[in-house]
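Student: Structure file target_26.txt (compact mmCIF, C-alpha atoms) right here:
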# COMPACT_ATOMS: atom_id res chain seq x y z
CA MET J 369 -22.04 0.56 -2.52
CA LYS J 370 -20.17 -2.68 -1.86
CA LYS J 371 -21.22 -4.39 1.35
CA LEU J 372 -19.17 -5.42 4.37
CA LEU J 373 -20.75 -7.65 6.98
CA LEU J 374 -19.42 -7.46 10.54
CA TYR J 375 -20.15 -10.77 12.29
CA GLY J 376 -20.09 -10.82 16.08
CA ALA J 377 -21.12 -7.17 16.10
CA ASN J 378 -22.11 -7.10 19.77
CA GLY J 379 -18.58 -7.85 21.04
CA TYR J 380 -16.09 -5.41 22.56
CA THR J 381 -13.77 -5.11 19.57
CA ALA J 382 -16.72 -4.95 17.20
CA GLY J 383 -17.98 -1.95 19.15
CA LEU J 384 -14.76 -0.10 18.39
CA ILE J 385 -14.95 -1.09 14.72
CA ILE J 386 -18.49 0.26 14.49
CA ARG J 387 -17.43 3.54 16.14
CA PHE J 388 -14.43 4.02 13.81
CA ALA J 389 -16.05 2.78 10.58
CA GLU J 390 -17.33 6.20 9.48
CA LYS J 391 -13.74 7.46 9.24
CA TYR J 392 -13.15 4.89 6.50
CA ASN J 393 -16.44 5.51 4.72
CA ILE J 394 -17.67 2.04 5.65
CA GLN J 395 -21.22 1.27 6.76
CA PRO J 396 -21.08 -2.31 7.99
CA ILE J 397 -24.05 -4.64 8.08
CA LEU J 398 -24.15 -5.79 11.70
CA ALA J 399 -24.64 -9.51 12.25
CA GLY J 400 -24.66 -12.12 14.98
CA ARG J 401 -26.79 -14.65 16.82
CA SER J 402 -28.65 -12.40 19.26
CA GLU J 403 -31.49 -10.47 17.64
CA THR J 404 -32.02 -8.39 20.77
CA LYS J 405 -28.41 -7.18 20.94
CA ILE J 406 -27.76 -6.83 17.21
CA LYS J 407 -31.03 -5.03 16.47
CA ALA J 408 -30.42 -2.55 19.31
CA LEU J 409 -26.90 -1.82 17.99
CA ALA J 410 -28.16 -1.37 14.45
CA GLU J 411 -30.88 1.03 15.54
CA GLU J 412 -28.39 3.01 17.67
CA HIS J 413 -25.96 3.43 14.76
CA LYS J 414 -28.57 3.53 11.97
CA LEU J 415 -27.12 0.48 10.23
CA ASP J 416 -28.60 -2.60 8.56
CA TYR J 417 -28.43 -5.91 10.40
CA ARG J 418 -28.82 -9.66 9.90
CA ILE J 419 -29.40 -12.41 12.44
CA PHE J 420 -27.93 -15.88 11.94
CA GLY J 421 -25.80 -18.49 13.69
CA LEU J 422 -22.90 -20.52 12.35
CA ASP J 423 -24.27 -24.02 12.79
CA GLN J 424 -26.02 -24.32 9.42
CA THR J 425 -24.04 -23.78 6.23
CA SER J 426 -27.05 -22.92 4.09
CA VAL J 427 -28.15 -20.20 6.54
CA ILE J 428 -24.70 -18.57 6.49
CA GLN J 429 -24.60 -18.70 2.69
CA ASP J 430 -28.02 -17.06 2.43
CA ALA J 431 -26.82 -14.23 4.69
CA LEU J 432 -23.67 -13.64 2.62
CA ILE J 433 -25.02 -13.99 -0.91
CA ASP J 434 -24.93 -10.23 -1.65
CA VAL J 435 -21.93 -9.37 0.58
CA GLU J 436 -18.46 -8.59 -0.82
CA VAL J 437 -16.49 -8.83 2.44
CA VAL J 438 -16.99 -10.48 5.83
CA LEU J 439 -15.11 -9.12 8.83
CA HIS J 440 -15.51 -11.92 11.34
CA VAL J 441 -14.93 -10.93 14.98
CA ALA J 442 -16.81 -13.66 16.88
CA GLY J 443 -14.34 -15.93 18.64
CA PRO J 444 -13.01 -18.25 19.83
CA PHE J 445 -12.14 -18.66 16.17
CA MET J 446 -11.07 -22.27 16.63
CA TYR J 447 -14.83 -22.93 16.67
CA THR J 448 -16.23 -20.18 14.44
CA ALA J 449 -13.74 -19.66 11.60
CA LYS J 450 -14.28 -22.91 9.70
CA PRO J 451 -18.02 -22.52 8.94
CA MET J 452 -17.57 -18.86 8.03
CA MET J 453 -14.58 -19.52 5.76
CA GLU J 454 -16.40 -22.33 4.00
CA ALA J 455 -19.48 -20.19 3.47
CA CYS J 456 -17.33 -17.36 2.10
CA ILE J 457 -15.74 -19.74 -0.40
CA GLU J 458 -19.16 -20.93 -1.58
CA THR J 459 -20.57 -17.40 -1.90
CA LYS J 460 -17.34 -15.89 -3.31
CA THR J 461 -17.08 -13.47 -0.38
CA HIS J 462 -13.72 -12.15 0.82
CA TYR J 463 -12.96 -13.26 4.40
CA LEU J 464 -11.22 -11.27 7.15
CA ASP J 465 -11.00 -11.98 10.87
CA ILE J 466 -9.10 -10.82 13.96
CA THR J 467 -7.82 -14.17 15.22
CA GLY J 468 -4.41 -14.86 16.69
CA GLU J 469 -4.93 -18.64 16.82
CA ILE J 470 -2.31 -20.73 15.01
CA GLU J 471 -4.78 -23.44 14.05
CA VAL J 472 -7.02 -20.87 12.33
CA PHE J 473 -4.13 -19.54 10.24
CA GLU J 474 -3.26 -23.09 9.26
CA LEU J 475 -6.91 -23.72 8.41
CA GLY J 476 -6.90 -20.68 6.14
CA ALA J 477 -3.71 -21.90 4.46
CA SER J 478 -5.33 -25.30 3.84
CA TYR J 479 -8.15 -23.55 1.93
CA ASP J 480 -5.74 -21.62 -0.30
CA GLU J 481 -6.55 -23.48 -3.54
CA LYS J 482 -10.32 -23.36 -2.91
CA ALA J 483 -10.14 -19.63 -2.22
CA LYS J 484 -8.18 -19.06 -5.43
CA ALA J 485 -10.73 -21.09 -7.39
CA ALA J 486 -13.49 -18.93 -5.88
CA GLY J 487 -11.55 -15.74 -6.66
CA ILE J 488 -11.54 -14.57 -3.05
CA MET J 489 -9.04 -13.62 -0.37
CA LEU J 490 -8.88 -15.40 2.99
CA MET J 491 -7.02 -13.25 5.53
CA PRO J 492 -7.22 -14.25 9.19
CA GLY J 493 -5.48 -11.92 11.64
CA THR J 494 -6.26 -8.35 10.58
CA GLY J 495 -5.66 -6.75 13.97
CA PHE J 496 -3.05 -6.74 16.72
CA ASP J 497 -3.02 -10.47 16.05
CA VAL J 498 -0.93 -10.44 13.80
CA VAL J 499 -0.47 -7.28 11.70
CA PRO J 500 2.28 -5.49 13.71
CA THR J 501 4.38 -8.63 14.19
CA ASP J 502 3.77 -9.82 10.62
CA CYS J 503 4.91 -6.43 9.30
CA MET J 504 7.97 -6.62 11.55
CA ALA J 505 8.79 -10.06 10.16
CA ALA J 506 8.49 -8.79 6.58
CA TYR J 507 10.59 -5.70 7.35
CA LEU J 508 13.41 -7.76 8.87
CA LYS J 509 13.32 -10.24 5.99
CA GLU J 510 13.88 -7.30 3.64
CA LYS J 511 16.85 -6.25 5.80
CA MET J 512 18.32 -9.77 5.78
CA PRO J 513 17.12 -11.85 2.80
CA ASP J 514 19.18 -14.89 3.90
CA ALA J 515 17.73 -14.97 7.44
CA SER J 516 17.24 -18.49 8.81
CA HIS J 517 15.93 -17.59 12.29
CA LEU J 518 13.31 -15.09 13.42
CA GLU J 519 12.30 -14.08 16.94
CA LEU J 520 9.35 -11.76 17.57
CA ALA J 521 8.03 -10.25 20.79
CA PHE J 522 5.07 -8.10 21.75
CA GLY J 523 3.83 -6.31 24.83
CA ALA J 524 2.07 -3.20 26.07
CA THR J 525 2.80 -0.30 28.37
CA LYS J 526 -0.35 -1.27 30.31
CA THR J 527 -2.51 -4.38 30.31
CA GLY J 528 -6.22 -5.04 29.88
CA ILE J 529 -8.08 -7.57 27.75
CA SER J 530 -11.61 -8.02 26.44
CA HIS J 531 -14.03 -10.83 27.28
CA GLY J 532 -13.44 -12.42 23.89
CA THR J 533 -9.65 -12.46 24.24
CA ALA J 534 -9.86 -13.79 27.79
CA LYS J 535 -12.18 -16.61 26.71
CA THR J 536 -9.85 -17.56 23.87
CA MET J 537 -7.01 -17.73 26.39
CA VAL J 538 -9.14 -20.01 28.58
CA GLU J 539 -9.81 -22.31 25.64
CA ASN J 540 -6.06 -22.61 25.08
CA LEU J 541 -5.30 -23.52 28.69
CA GLY J 542 -3.51 -26.83 28.94
CA GLY J 543 -2.11 -26.55 25.44
CA LYS J 544 1.50 -27.00 24.35
CA GLY J 545 4.11 -24.44 23.46
CA LEU J 546 4.71 -24.16 19.72
CA ILE J 547 7.61 -22.92 17.60
CA ARG J 548 8.54 -23.19 13.93
CA LYS J 549 11.59 -25.45 13.50
CA ASP J 550 13.10 -26.28 10.12
CA GLY J 551 9.86 -25.14 8.48
CA LYS J 552 7.53 -27.26 10.63
CA ILE J 553 5.33 -26.26 13.57
CA THR J 554 6.83 -28.14 16.49
CA GLU J 555 5.63 -28.74 20.06
CA VAL J 556 7.82 -27.57 22.93
CA ALA J 557 7.26 -27.19 26.66
CA VAL J 558 5.08 -24.27 27.77
CA ALA J 559 7.25 -21.18 28.41
CA HIS J 560 10.30 -23.13 27.20
CA LYS J 561 12.44 -20.01 26.70
CA THR J 562 12.78 -16.45 28.01
CA ARG J 563 14.79 -13.39 27.06
CA ARG J 564 14.95 -9.70 27.92
CA ILE J 565 13.58 -7.63 25.05
CA PRO J 566 14.76 -4.05 24.32
CA PHE J 567 11.33 -2.59 23.53
CA SER J 568 10.88 1.13 22.83
CA ALA J 569 9.58 1.56 26.39
CA GLY J 570 12.63 -0.15 27.89
CA GLU J 571 13.94 -3.66 28.47
CA ILE J 572 11.20 -6.10 29.52
CA PHE J 573 11.32 -9.77 30.52
CA ALA J 574 9.49 -11.90 27.92
CA ILE J 575 8.28 -15.48 27.74
CA ALA J 576 8.02 -17.74 24.69
CA ILE J 577 4.38 -18.44 23.80
CA PRO J 578 2.59 -20.00 20.78
CA TRP J 579 1.61 -16.72 19.04
CA GLY J 580 0.05 -16.62 15.59
CA ASP J 581 3.31 -15.65 13.86
CA VAL J 582 4.59 -19.19 14.35
CA SER J 583 2.24 -19.81 11.45
CA THR J 584 1.92 -16.53 9.57
CA ALA J 585 5.51 -15.27 9.63
CA TYR J 586 6.58 -18.42 7.82
CA TYR J 587 4.11 -17.78 4.99
CA THR J 588 5.13 -14.12 4.85
CA THR J 589 8.91 -14.58 4.92
CA GLY J 590 9.78 -18.23 4.34
CA ILE J 591 12.07 -18.11 7.40
CA PRO J 592 12.08 -21.71 8.71
CA ASN J 593 12.83 -21.15 12.41
CA ILE J 594 10.51 -18.87 14.41
CA ILE J 595 9.97 -18.22 18.13
CA THR J 596 7.44 -15.74 19.52
CA TYR J 597 7.45 -14.05 22.94
CA MET J 598 5.03 -12.13 25.13
CA ALA J 599 6.22 -9.51 27.63
CA GLY J 600 5.54 -10.60 31.18
CA GLY J 601 7.13 -10.64 34.62
CA GLU J 602 9.13 -13.45 36.15
CA ALA J 603 6.17 -14.24 38.41
CA MET J 604 4.09 -14.95 35.30
CA TYR J 605 6.89 -17.17 34.01
CA LYS J 606 6.82 -19.26 37.19
CA GLN J 607 3.06 -19.65 36.91
CA MET J 608 3.31 -20.68 33.26
CA LYS J 609 5.89 -23.34 34.09
CA LYS J 610 3.40 -24.87 36.52
CA VAL J 611 1.00 -25.32 33.59
CA ARG J 612 3.34 -28.02 32.26
CA TYR J 613 2.20 -30.27 35.11
CA LEU J 614 -1.47 -29.19 35.23
CA GLY J 615 -2.53 -29.73 31.63
CA TRP J 616 -4.75 -32.66 32.62
CA LEU J 617 -6.75 -30.32 34.89
CA LEU J 618 -6.73 -27.19 32.72
CA ASN J 619 -8.21 -29.10 29.80
CA ARG J 620 -11.32 -30.03 31.79
CA ARG J 621 -14.46 -28.51 30.25
CA TRP J 622 -16.10 -27.81 33.62
CA LEU J 623 -13.10 -25.71 34.69
CA LYS J 624 -13.03 -23.74 31.43
CA ASN J 625 -16.77 -23.05 31.68
CA ALA J 626 -16.37 -21.84 35.27
CA LEU J 627 -13.54 -19.50 34.26
CA LYS J 628 -15.64 -18.11 31.39
CA LYS J 629 -18.46 -17.30 33.80
CA ARG J 630 -16.02 -15.32 35.93
CA ILE J 631 -14.83 -13.47 32.83
CA ASP J 632 -18.41 -12.42 32.02
CA GLN J 633 -18.61 -10.66 35.39
CA ARG J 634 -15.68 -8.35 34.51
CA PRO J 635 -15.75 -5.14 32.43
CA ALA J 636 -16.02 -5.88 28.69
CA GLY J 637 -12.58 -4.43 27.93
CA PRO J 638 -10.29 -1.42 28.49
CA ASP J 639 -12.14 1.90 28.67
CA ASP J 640 -11.37 4.84 26.37
CA GLU J 641 -9.02 6.50 28.85
CA ARG J 642 -6.96 3.35 29.32
CA ARG J 643 -6.76 2.75 25.58
CA ALA J 644 -5.69 6.35 24.98
CA THR J 645 -2.85 6.10 27.51
CA THR J 646 -1.55 2.67 26.46
CA ASN J 647 0.84 1.72 23.67
CA CYS J 648 1.52 -1.61 22.03
CA LEU J 649 5.15 -2.69 21.72
CA VAL J 650 6.71 -4.96 19.09
CA TRP J 651 10.28 -6.15 18.62
CA GLY J 652 11.92 -8.52 16.17
CA GLU J 653 15.29 -10.00 15.36
CA VAL J 654 16.55 -12.10 12.45
CA ARG J 655 19.73 -14.15 12.26
CA ASN J 656 21.41 -15.88 9.35
CA ASP J 657 23.61 -18.97 9.34
CA LYS J 658 26.71 -16.78 9.60
CA GLY J 659 25.51 -15.52 13.00
CA GLU J 660 24.79 -12.02 11.72
CA THR J 661 21.71 -10.28 13.17
CA LYS J 662 19.33 -7.43 12.40
CA ALA J 663 16.74 -6.08 14.85
CA ALA J 664 13.99 -3.49 14.94
CA ARG J 665 11.20 -2.34 17.24
CA MET J 666 7.87 -0.62 16.91
CA ILE J 667 5.51 1.36 19.14
CA GLY J 668 1.90 2.05 18.28
CA PRO J 669 -1.61 2.59 19.62
CA GLU J 670 -3.13 0.26 22.21
CA GLY J 671 -3.93 -3.20 20.89
CA TYR J 672 -7.72 -3.01 20.62
CA THR J 673 -7.56 0.45 19.07
CA LEU J 674 -4.98 -0.87 16.63
CA THR J 675 -7.13 -3.93 15.84
CA ALA J 676 -10.20 -1.86 15.02
CA HIS J 677 -8.37 0.63 12.81
CA LEU J 678 -6.19 -1.89 10.97
CA SER J 679 -9.15 -4.19 10.32
CA LEU J 680 -10.95 -1.23 8.74
CA ILE J 681 -7.86 -0.17 6.78
CA ILE J 682 -7.60 -3.68 5.34
CA ALA J 683 -11.36 -3.90 4.74
CA GLN J 684 -11.21 -0.60 2.87
CA LYS J 685 -8.48 -2.01 0.60
CA VAL J 686 -10.53 -5.11 -0.11
CA LEU J 687 -13.70 -3.14 -0.82
CA SER J 688 -11.75 -1.00 -3.30
CA GLY J 689 -10.62 -4.10 -5.20
CA ASN J 690 -7.16 -4.53 -3.68
CA ALA J 691 -7.52 -8.16 -2.60
CA PRO J 692 -4.94 -10.73 -3.76
CA ILE J 693 -6.78 -14.04 -4.02
CA GLY J 694 -6.11 -17.12 -1.94
CA PHE J 695 -4.87 -17.38 1.63
CA GLN J 696 -2.96 -14.22 2.55
CA THR J 697 -1.09 -12.80 5.50
CA PRO J 698 -1.37 -9.04 6.14
CA ALA J 699 2.23 -8.14 5.27
CA GLY J 700 2.32 -10.77 2.55
CA ALA J 701 -0.55 -9.03 0.78
CA TYR J 702 0.11 -5.38 1.64
CA GLY J 703 3.78 -5.12 2.56
CA ALA J 704 5.92 -4.44 5.61
CA ASP J 705 4.70 -0.82 5.88
CA LEU J 706 1.01 -1.72 6.23
CA VAL J 707 1.10 -1.12 9.99
CA LEU J 708 2.62 2.34 9.44
CA GLU J 709 -0.59 3.44 7.68
CA LEU J 710 -2.07 3.71 11.17
CA GLU J 711 -1.44 7.13 12.71
CA GLY J 712 0.74 7.02 15.82
CA THR J 713 2.78 3.98 14.76
CA ASN J 714 6.57 4.25 14.57
CA ARG J 715 9.30 1.74 13.71
CA GLU J 716 13.07 1.98 14.21
CA ASP J 717 16.13 -0.22 13.81
CA CYS J 718 17.87 -1.20 17.02
Show the structure stored in the file as structure tokens.
Tutor:
Amino acid sequence: MKKLLLYGANGYTAGLIIRFAEKYNIQPILAGRSETKIKALAEEHKLDYRIFGLDQTSVIQDALIDVEVVLHVAGPFMYTAKPMMEACIETKTHYLDITGEIEVFELGASYDEKAKAAGIMLMPGTGFDVVPTDCMAAYLKEKMPDASHLELAFGATKTGISHGTAKTMVENLGGKGLIRKDGKITEVAVAHKTRRIPFSAGEIFAIAIPWGDVSTAYYTTGIPNIITYMAGGEAMYKQMKKVRYLGWLLNRRWLKNALKKRIDQRPAGPDDERRATTNCLVWGEVRNDKGETKAARMIGPEGYTLTAHLSLIIAQKVLSGNAPIGFQTPAGAYGADLVLELEGTNREDC
């Protein structure tokens, strides 16, 4: 049997992946830094495990030498993706992760030629970040091949985030807004634009944020102008505008460490009941230079549920030999309908 290694196996999202893996006939090797936590998980689920950190290249390579696929779920990926990607290239191991961080997608793209030479696929973003929005971008590009502008938005019918996601958000505090303009990633003011989005659950106020599709949607579609939005209230918008003047403070390491300690005191993530009663929402619109537009929207399972299942769906494809080599985006490799392979996901034109 081909081997998949799940790194960061003691995290919240990893726990869902472990629970759902049997459905996809996958028995992951559990891996991470903490022997106490990883060993206990492996014994509970009757799975193999490996203990290693990401600070020594040779150690990572030794752990991956007989592994076909790594599913990397230990963030913040701005710190952890590079050593794992490089080790995967050296050991000729396909790389998957669940990041939504623009700099990680750009890192993956920069390793495209090395990945091709190694005969492996590098695919960051196999979950809610960014499969649904990437598939929406690909779908709309098919609807309008001459599109020059793309806007994407996401939200949920309820909120709730894991420790890992919250810590990644803390790391990004004090950062700039980002859009794709004339093919280049361009800095803009935080929350520089808003619009009301006609999601499946109704119209919701949304705020421009630097979501991963600023990177990935360009590689998937070639559309040169991209803005991404997150659903949020006007109160959130006012708070985000204040960030423009507090970047000097929010970038302080002591403050970020203090916020992370507070995060660790909260529940690890949404419980099963909340996940079962929550839906993710996605919307997209393309426009060409004539001013013509096409739009569509999607509703699907809650974001963490979606991340776990879609990561396993993609991992299953890779393990079966369906893995285009080089840097890949989800819809670029598997098409606009990839997200529809997940039960409970529906898309419609609007």
Student: For the interface of range 651-700 of chain J with range 458-463 of chain J (cut-off 9 Å, counting all atoms listed in the file), please tabulate each contacting residue of range 651-700 of chain J alongside its nearest pair of atoms and their separation in Å to one decimal, rows sorted by chain and increasing number, as a Markdown table.
Tutor:
| residue | atom | partner | partner_atom | distance |
| --- | --- | --- | --- | --- |
| J:Val686 | CA | J:His462 | CA | 7.8 |
| J:Ala691 | CA | J:His462 | CA | 8.1 |
| J:Ile693 | CA | J:His462 | CA | 8.7 |
Student: Do a neighbour search on Gly570 in chain J at 12 Å with all atoms listed in the file, toss out local chain neighbours closer than 4 positions, and write the hits as a PDB file with C-alpha atoms, in the coordinates of the input.
Tutor:
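Below is the file result-v8.pdb, written as the result:
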ATOM      1  CA  GLY J 523       3.830  -6.310  24.830  1.00  0.00           C
ATOM      2  CA  ALA J 524       2.070  -3.200  26.070  1.00  0.00           C
ATOM      3  CA  THR J 525       2.800  -0.300  28.370  1.00  0.00           C
ATOM      4  CA  ARG J 564      14.950  -9.700  27.920  1.00  0.00           C
ATOM      5  CA  ILE J 565      13.580  -7.630  25.050  1.00  0.00           C
ATOM      6  CA  PRO J 566      14.760  -4.050  24.320  1.00  0.00           C
ATOM      7  CA  ALA J 599       6.220  -9.510  27.630  1.00  0.00           C
ATOM      8  CA  LEU J 649       5.150  -2.690  21.720  1.00  0.00           C
ATOM      9  CA  VAL J 650       6.710  -4.960  19.090  1.00  0.00           C
ATOM     10  CA  TRP J 651      10.280  -6.150  18.620  1.00  0.00           C
ATOM     11  CA  ARG J 665      11.200  -2.340  17.240  1.00  0.00           C
ATOM     12  CA  MET J 666       7.870  -0.620  16.910  1.00  0.00           C
ATOM     13  CA  ILE J 667       5.510   1.360  19.140  1.00  0.00           C
TER      14      ILE J 667
END
Student: I want to know what sits within 6 Å of range 396-405 of chain J, based on all atoms listed in the file, with residues of the same chain fewer than 3 positions away left out; could you give that as an MDAnalysis selection string?
Tutor: chainID J and resid 372:377 408 416:421
Student: What's the 6 Å shell around range 575-587 of chain J, counting only C-alpha atoms, without same-chain residues fewer than 3 positions away, as a ChimeraX atom specification?
Tutor: /J:468-470,502,545-548,559,561-562,590-591,594,596-598
Student: Mind writing the picked residues with C-alpha atoms as a tab-separated table (two decimals), in the coordinates of the input?
Tutor:
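File written: part-v6.tsv
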chain	number	residue	atom	x	y	z
J	468	GLY	CA	-4.41	-14.86	16.69
J	469	GLU	CA	-4.93	-18.64	16.82
J	470	ILE	CA	-2.31	-20.73	15.01
J	502	ASP	CA	3.77	-9.82	10.62
J	545	GLY	CA	4.11	-24.44	23.46
J	546	LEU	CA	4.71	-24.16	19.72
J	547	ILE	CA	7.61	-22.92	17.60
J	548	ARG	CA	8.54	-23.19	13.93
J	559	ALA	CA	7.25	-21.18	28.41
J	561	LYS	CA	12.44	-20.01	26.70
J	562	THR	CA	12.78	-16.45	28.01
J	590	GLY	CA	9.78	-18.23	4.34
J	591	ILE	CA	12.07	-18.11	7.40
J	594	ILE	CA	10.51	-18.87	14.41
J	596	THR	CA	7.44	-15.74	19.52
J	597	TYR	CA	7.45	-14.05	22.94
J	598	MET	CA	5.03	-12.13	25.13
Student: Nearest to Tyr507 in chain J among J:Tyr392, J:Tyr702, J:Phe473, J:Phe567, with distances taken over all atoms listed in the file: which residue is it?
Tutor: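 Looking at the shortest contact to Tyr507 in chain J, the residue is J:Tyr702.
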Student: Kindly give the distance, in Å, that separates CA of Asp480 in chain J and CA of Lys552 in chain J, rounded to a single decimal.
Tutor: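 These two atoms are separated by 18.1 Å.
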Student: In Å, how far is it from CA of Gln429 in chain J to CA of Glu454 in chain J?
Tutor: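 Value for the CA of Gln429 in chain J-CA of Glu454 in chain J distance: 9.1 Å.
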Student: Between CA of Asp497 in chain J and CA of Pro513 in chain J, measure the distance and give it in Å to one decimal.
Tutor: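 For CA of Asp497 in chain J relative to CA of Pro513 in chain J, the distance reads 24.1 Å.
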Student: Which is closer to Gln424 in chain J than all the others in J:Leu678, J:Ala455, J:Ala683, J:Val556, using all atoms listed in the file?
Tutor: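 Of J:Leu678, J:Ala455, J:Ala683, J:Val556, the one nearest Gln424 in chain J, counting all atoms listed in the file, is J:Ala455.
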Student: I'd like the neighbourhood of Phe496 in chain J as a JSON list (two decimals) with C-alpha atoms, keeping the file's coordinate frame, where a residue qualifies if any of its atoms comes within 12 Å (using only C-alpha atoms), though same-chain residues fewer than 4 positions away should be ignored.
Tutor:
[["chain", "number", "residue", "atom", "x", "y", "z"],
["J", 381, "THR", "CA", -13.77, -5.11, 19.57],
["J", 465, "ASP", "CA", -11.00, -11.98, 10.87],
["J", 466, "ILE", "CA", -9.10, -10.82, 13.96],
["J", 467, "THR", "CA", -7.82, -14.17, 15.22],
["J", 468, "GLY", "CA", -4.41, -14.86, 16.69],
["J", 492, "PRO", "CA", -7.22, -14.25, 9.19],
["J", 500, "PRO", "CA", 2.28, -5.49, 13.71],
["J", 501, "THR", "CA", 4.38, -8.63, 14.19],
["J", 502, "ASP", "CA", 3.77, -9.82, 10.62],
["J", 503, "CYS", "CA", 4.91, -6.43, 9.30],
["J", 522, "PHE", "CA", 5.07, -8.10, 21.75],
["J", 523, "GLY", "CA", 3.83, -6.31, 24.83],
["J", 524, "ALA", "CA", 2.07, -3.20, 26.07],
["J", 533, "THR", "CA", -9.65, -12.46, 24.24],
["J", 579, "TRP", "CA", 1.61, -16.72, 19.04],
["J", 580, "GLY", "CA", 0.05, -16.62, 15.59],
["J", 581, "ASP", "CA", 3.31, -15.65, 13.86],
["J", 647, "ASN", "CA", 0.84, 1.72, 23.67],
["J", 648, "CYS", "CA", 1.52, -1.61, 22.03],
["J", 649, "LEU", "CA", 5.15, -2.69, 21.72],
["J", 650, "VAL", "CA", 6.71, -4.96, 19.09],
["J", 668, "GLY", "CA", 1.90, 2.05, 18.28],
["J", 669, "PRO", "CA", -1.61, 2.59, 19.62],
["J", 670, "GLU", "CA", -3.13, 0.26, 22.21],
["J", 671, "GLY", "CA", -3.93, -3.20, 20.89],
["J", 672, "TYR", "CA", -7.72, -3.01, 20.62],
["J", 673, "THR", "CA", -7.56, 0.45, 19.07],
["J", 674, "LEU", "CA", -4.98, -0.87, 16.63],
["J", 675, "THR", "CA", -7.13, -3.93, 15.84],
["J", 676, "ALA", "CA", -10.20, -1.86, 15.02],
["J", 677, "HIS", "CA", -8.37, 0.63, 12.81],
["J", 678, "LEU", "CA", -6.19, -1.89, 10.97],
["J", 679, "SER", "CA", -9.15, -4.19, 10.32],
["J", 698, "PRO", "CA", -1.37, -9.04, 6.14],
["J", 707, "VAL", "CA", 1.10, -1.12, 9.99],
["J", 710, "LEU", "CA", -2.07, 3.71, 11.17]]
Student: Compare J:Ser426, J:Asn714, J:Thr589, J:Gln696 by their minimum atom-to-atom distance to Glu481 in chain J, counting only C-alpha atoms, and give me the closest one.
Tutor: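 Of J:Ser426, J:Asn714, J:Thr589, J:Gln696, the one nearest Glu481 in chain J, counting only C-alpha atoms, is J:Gln696.
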Student: Return range 642-654 of chain J, completed with N, CA and C atoms, as a tab-separated table (two decimals), in the coordinates of the input.
Tutor:
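Resulting contents of result.tsv:
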chain	number	residue	atom	x	y	z
J	642	ARG	N	-8.07	4.31	29.25
J	642	ARG	CA	-6.96	3.35	29.32
J	642	ARG	C	-6.38	3.09	27.93
J	643	ARG	N	-7.25	2.98	26.94
J	643	ARG	CA	-6.76	2.75	25.58
J	643	ARG	C	-5.93	3.95	25.09
J	644	ALA	N	-6.38	5.14	25.44
J	644	ALA	CA	-5.69	6.35	24.98
J	644	ALA	C	-4.32	6.53	25.63
J	645	THR	N	-4.11	5.92	26.78
J	645	THR	CA	-2.85	6.10	27.51
J	645	THR	C	-1.98	4.85	27.48
J	646	THR	N	-2.30	3.92	26.59
J	646	THR	CA	-1.55	2.67	26.46
J	646	THR	C	-0.97	2.56	25.06
J	647	ASN	N	0.21	1.99	24.96
J	647	ASN	CA	0.84	1.72	23.67
J	647	ASN	C	1.15	0.24	23.53
J	648	CYS	N	1.05	-0.26	22.31
J	648	CYS	CA	1.52	-1.61	22.03
J	648	CYS	C	3.00	-1.55	21.65
J	649	LEU	N	3.71	-2.60	21.95
J	649	LEU	CA	5.15	-2.69	21.72
J	649	LEU	C	5.46	-3.95	20.91
J	650	VAL	N	6.31	-3.82	19.91
J	650	VAL	CA	6.71	-4.96	19.09
J	650	VAL	C	8.21	-4.90	18.86
J	651	TRP	N	8.84	-6.05	18.87
J	651	TRP	CA	10.28	-6.15	18.62
J	651	TRP	C	10.53	-7.40	17.78
J	652	GLY	N	11.56	-7.35	16.96
J	652	GLY	CA	11.92	-8.52	16.17
J	652	GLY	C	13.40	-8.58	15.89
J	653	GLU	N	13.88	-9.79	15.70
J	653	GLU	CA	15.29	-10.00	15.36
J	653	GLU	C	15.41	-11.17	14.40
J	654	VAL	N	16.23	-11.00	13.36
J	654	VAL	CA	16.55	-12.10	12.45
J	654	VAL	C	18.03	-12.43	12.56
